[in-house]
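**Student:** Mind having a look at this structure? Questions to follow.
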Amino acid sequence: LIDPDNQRLQYYLGIALLTEQQYSDAIVEFRQAYSAFSTSAEANYNLGLAYYQSGDPDNALFYFEIAEDLGALDQPDTFPLVNAYYNLGAAYLEQEADAEALKLFQKTLAIAPERTEIYRIIGDIHTRNGATSLAVEAYNAYLASYPSDSETLEALFTLYYNSGLQTLETNDLEQARRSFEQARCILPESPLAIYYVAYIDYSEGLIEDASKKLQQVFSITQDKEIRQNVASLLYNCSIKLLKQRKPRQALEALYPLTTQEPTDI
């Protein structure tokens, strides 16, 4: 440089280097000029961008937030901080830094509530970290905007279903029923969800209700293991219904068993 102490010149050289994707060199020039531009939203945004592009999300976040404090959010076309924060969140996610990524995705949503697609990512983060209730909340918020997203519906179903299994192991039948019923609301024809609601009915002495659901399961699945479990419960339902002097219902419970091959009825 002819004028090595000219900070304005250093700053504009940094911009040129940033444009040329020479991010490390751009950072050097921006840093040398920083004392003269520390109160500039543009300078802090550009320095944050250079750090982000060089793979340093921590420093990028530091300077983006200074740019925000200096009013960058008021000029979204000039300083697209929403995208910057989203991209930083994605960068942290790639580094498996879930806590940092989560904060940035939440920050992005706080600034731009219309970016509802981010709820899906937040749901995945909570699921991965075992925060089931928060994951459910995030997935439901996402589905409010994208109700037909089959992958998210399946993810939410799995959360409810697994929650049902966990509470069933603790013999909390009421909570387990709620979880399995919520799973059924998402995938009404899920044989496993229906089966476990029927199992809870049976455990609570609601034998006729259990029988009807088990017959439904038997009609919609060809899975041998499920059908075997259903057959055992239906047989027991039939015995109990006979004891309750309900022979017609007992016969209905037995009928699916007679269609099995081979049959030992």
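Ordered as shown in the structure tokens, chains take letters A, B, and onward, while each chain numbers its residues from 1 and ligands are numbered from 1 in the order shown.
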Report as a Markdown table the residues of segment 101-160 of chain A within 12 Å of segment 54-62 of chain A, each with its shortest atom pair and distance in Å (one decimal), using only C-alpha atoms, ordered by chain and increasing residue number.

**Tutor:**
```
| residue | atom | partner | partner_atom | distance |
| --- | --- | --- | --- | --- |
| A:Ala101 | CA | A:Pro57 | CA | 10.3 |
| A:Lys103 | CA | A:Leu61 | CA | 11.3 |
| A:Leu104 | CA | A:Leu61 | CA | 9.2 |
| A:Lys107 | CA | A:Leu61 | CA | 11.6 |
```

**Student:** Taking 6 positions as the minimum chain separation for residues in the same chain, which residues sit within 9 Å of segment 68-74 of chain A when counting only C-alpha atoms? Answer as a count of residues only.

**Tutor:** 10

**Student:** Would you mind listing what lies within 12 Å of Ser219 of chain A as a CSV table (one decimal) with N, CA and C atoms, in the first residue's frame, with only C-alpha atoms counted and same-chain residues fewer than 6 positions away left out?

**Tutor:**
```csv
chain,number,residue,atom,x,y,z
A,189,GLU,N,-54.9,-45.0,10.6
A,189,GLU,CA,-54.9,-46.4,10.2
A,189,GLU,C,-53.6,-47.1,10.7
A,190,SER,N,-52.9,-46.5,11.7
A,190,SER,CA,-51.7,-47.2,12.2
A,190,SER,C,-52.1,-48.4,13.0
A,191,PRO,N,-51.8,-49.6,12.6
A,191,PRO,CA,-52.2,-50.8,13.4
A,191,PRO,C,-51.6,-50.9,14.8
A,194,ILE,N,-53.5,-48.3,17.1
A,194,ILE,CA,-54.8,-48.9,17.5
A,194,ILE,C,-54.6,-50.1,18.5
A,195,TYR,N,-53.6,-50.9,18.2
A,195,TYR,CA,-53.4,-52.1,19.0
A,195,TYR,C,-53.2,-51.7,20.5
A,212,LYS,N,-63.4,-54.5,19.6
A,212,LYS,CA,-63.7,-53.8,18.3
A,212,LYS,C,-62.5,-53.3,17.7
A,213,LYS,N,-61.6,-52.7,18.5
A,213,LYS,CA,-60.4,-52.1,18.0
A,213,LYS,C,-59.4,-53.2,17.5
A,226,ILE,N,-47.9,-58.9,14.7
A,226,ILE,CA,-49.0,-58.1,15.2
A,226,ILE,C,-50.3,-58.9,15.3
A,227,ARG,N,-50.5,-59.7,14.2
A,227,ARG,CA,-51.8,-60.5,14.1
A,227,ARG,C,-51.7,-61.6,15.2
A,230,VAL,N,-52.6,-59.8,18.4
A,230,VAL,CA,-54.1,-59.5,18.4
A,230,VAL,C,-54.9,-60.7,18.6
A,231,ALA,N,-54.5,-61.8,18.0
A,231,ALA,CA,-55.3,-63.1,18.1
A,231,ALA,C,-55.4,-63.5,19.6
A,255,TYR,N,-64.3,-64.5,15.5
A,255,TYR,CA,-64.4,-64.7,14.0
A,255,TYR,C,-63.0,-64.4,13.3
A,256,PRO,N,-62.3,-63.3,13.6
A,256,PRO,CA,-61.1,-63.1,12.9
A,256,PRO,C,-60.1,-64.2,13.0
A,257,LEU,N,-60.1,-64.9,14.2
A,257,LEU,CA,-59.2,-66.0,14.4
A,257,LEU,C,-59.5,-67.2,13.5
A,259,THR,N,-60.2,-67.0,10.5
A,259,THR,CA,-59.7,-66.7,9.1
A,259,THR,C,-58.2,-66.9,9.0
A,260,GLN,N,-57.5,-67.2,10.1
A,260,GLN,CA,-56.1,-67.4,10.1
A,260,GLN,C,-55.7,-68.7,9.4
```

**Student:** Give me the segment 97-116 of chain A side of the contact with segment 132-156 of chain A, cut-off 12 Å, one line per residue showing its nearest atom pair and distance in Å at one decimal, counting only C-alpha atoms, sorted by chain and residue number, as a Markdown table.

**Tutor:**
```
| residue | atom | partner | partner_atom | distance |
| --- | --- | --- | --- | --- |
| A:Leu102 | CA | A:Ala138 | CA | 11.7 |
| A:Phe105 | CA | A:Ala138 | CA | 11.8 |
| A:Gln106 | CA | A:Ala138 | CA | 10.8 |
| A:Leu109 | CA | A:Ala138 | CA | 11.8 |
| A:Pro113 | CA | A:Ala141 | CA | 11.2 |
| A:Glu114 | CA | A:Ser145 | CA | 9.7 |
| A:Arg115 | CA | A:Tyr142 | CA | 9.7 |
| A:Thr116 | CA | A:Tyr142 | CA | 5.9 |
```

**Student:** Generate a file of the selected residues that holds N, CA, C and O atoms, formatted as a compact mmCIF listing (two decimals), in the first residue's frame.

**Tutor:**
```
# COMPACT_ATOMS: atom_id res chain seq x y z
N LEU A 102 -29.76 -23.84 17.90
CA LEU A 102 -31.12 -23.59 18.36
C LEU A 102 -31.35 -22.12 18.68
O LEU A 102 -32.37 -21.52 18.31
N PHE A 105 -31.67 -20.16 15.40
CA PHE A 105 -32.93 -20.39 14.69
C PHE A 105 -34.08 -19.69 15.42
O PHE A 105 -34.98 -19.14 14.79
N GLN A 106 -34.04 -19.72 16.74
CA GLN A 106 -35.06 -19.01 17.51
C GLN A 106 -34.94 -17.49 17.32
O GLN A 106 -35.95 -16.79 17.24
N LEU A 109 -36.45 -16.62 13.98
CA LEU A 109 -37.91 -16.60 14.05
C LEU A 109 -38.43 -15.37 14.78
O LEU A 109 -39.49 -14.83 14.43
N PRO A 113 -41.06 -13.85 12.00
CA PRO A 113 -42.01 -14.91 12.39
C PRO A 113 -42.59 -15.66 11.19
O PRO A 113 -43.09 -16.78 11.36
N GLU A 114 -42.55 -15.05 10.02
CA GLU A 114 -43.10 -15.70 8.84
C GLU A 114 -42.25 -16.88 8.35
O GLU A 114 -42.71 -17.69 7.54
N ARG A 115 -41.03 -16.99 8.88
CA ARG A 115 -40.15 -18.09 8.46
C ARG A 115 -40.51 -19.37 9.22
O ARG A 115 -39.71 -19.96 9.92
N THR A 116 -41.75 -19.81 9.03
CA THR A 116 -42.26 -20.95 9.81
C THR A 116 -41.59 -22.27 9.45
O THR A 116 -41.70 -23.24 10.19
```

**Student:** Which residue out of A:Leu173, A:Ile118, A:Ile207, A:Ile66 has the minimum interatomic distance to Asn87 of chain A when only C-alpha atoms are used?

**Tutor:** A:Ile118

**Student:** Which residue, A:Gly164, A:Pro247, A:Gly48, A:Gly123, has the smallest gap to Ser24 of chain A when you use only C-alpha atoms?

**Tutor:**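 For Ser24 of chain A, the nearest of the candidates is A:Gly48.
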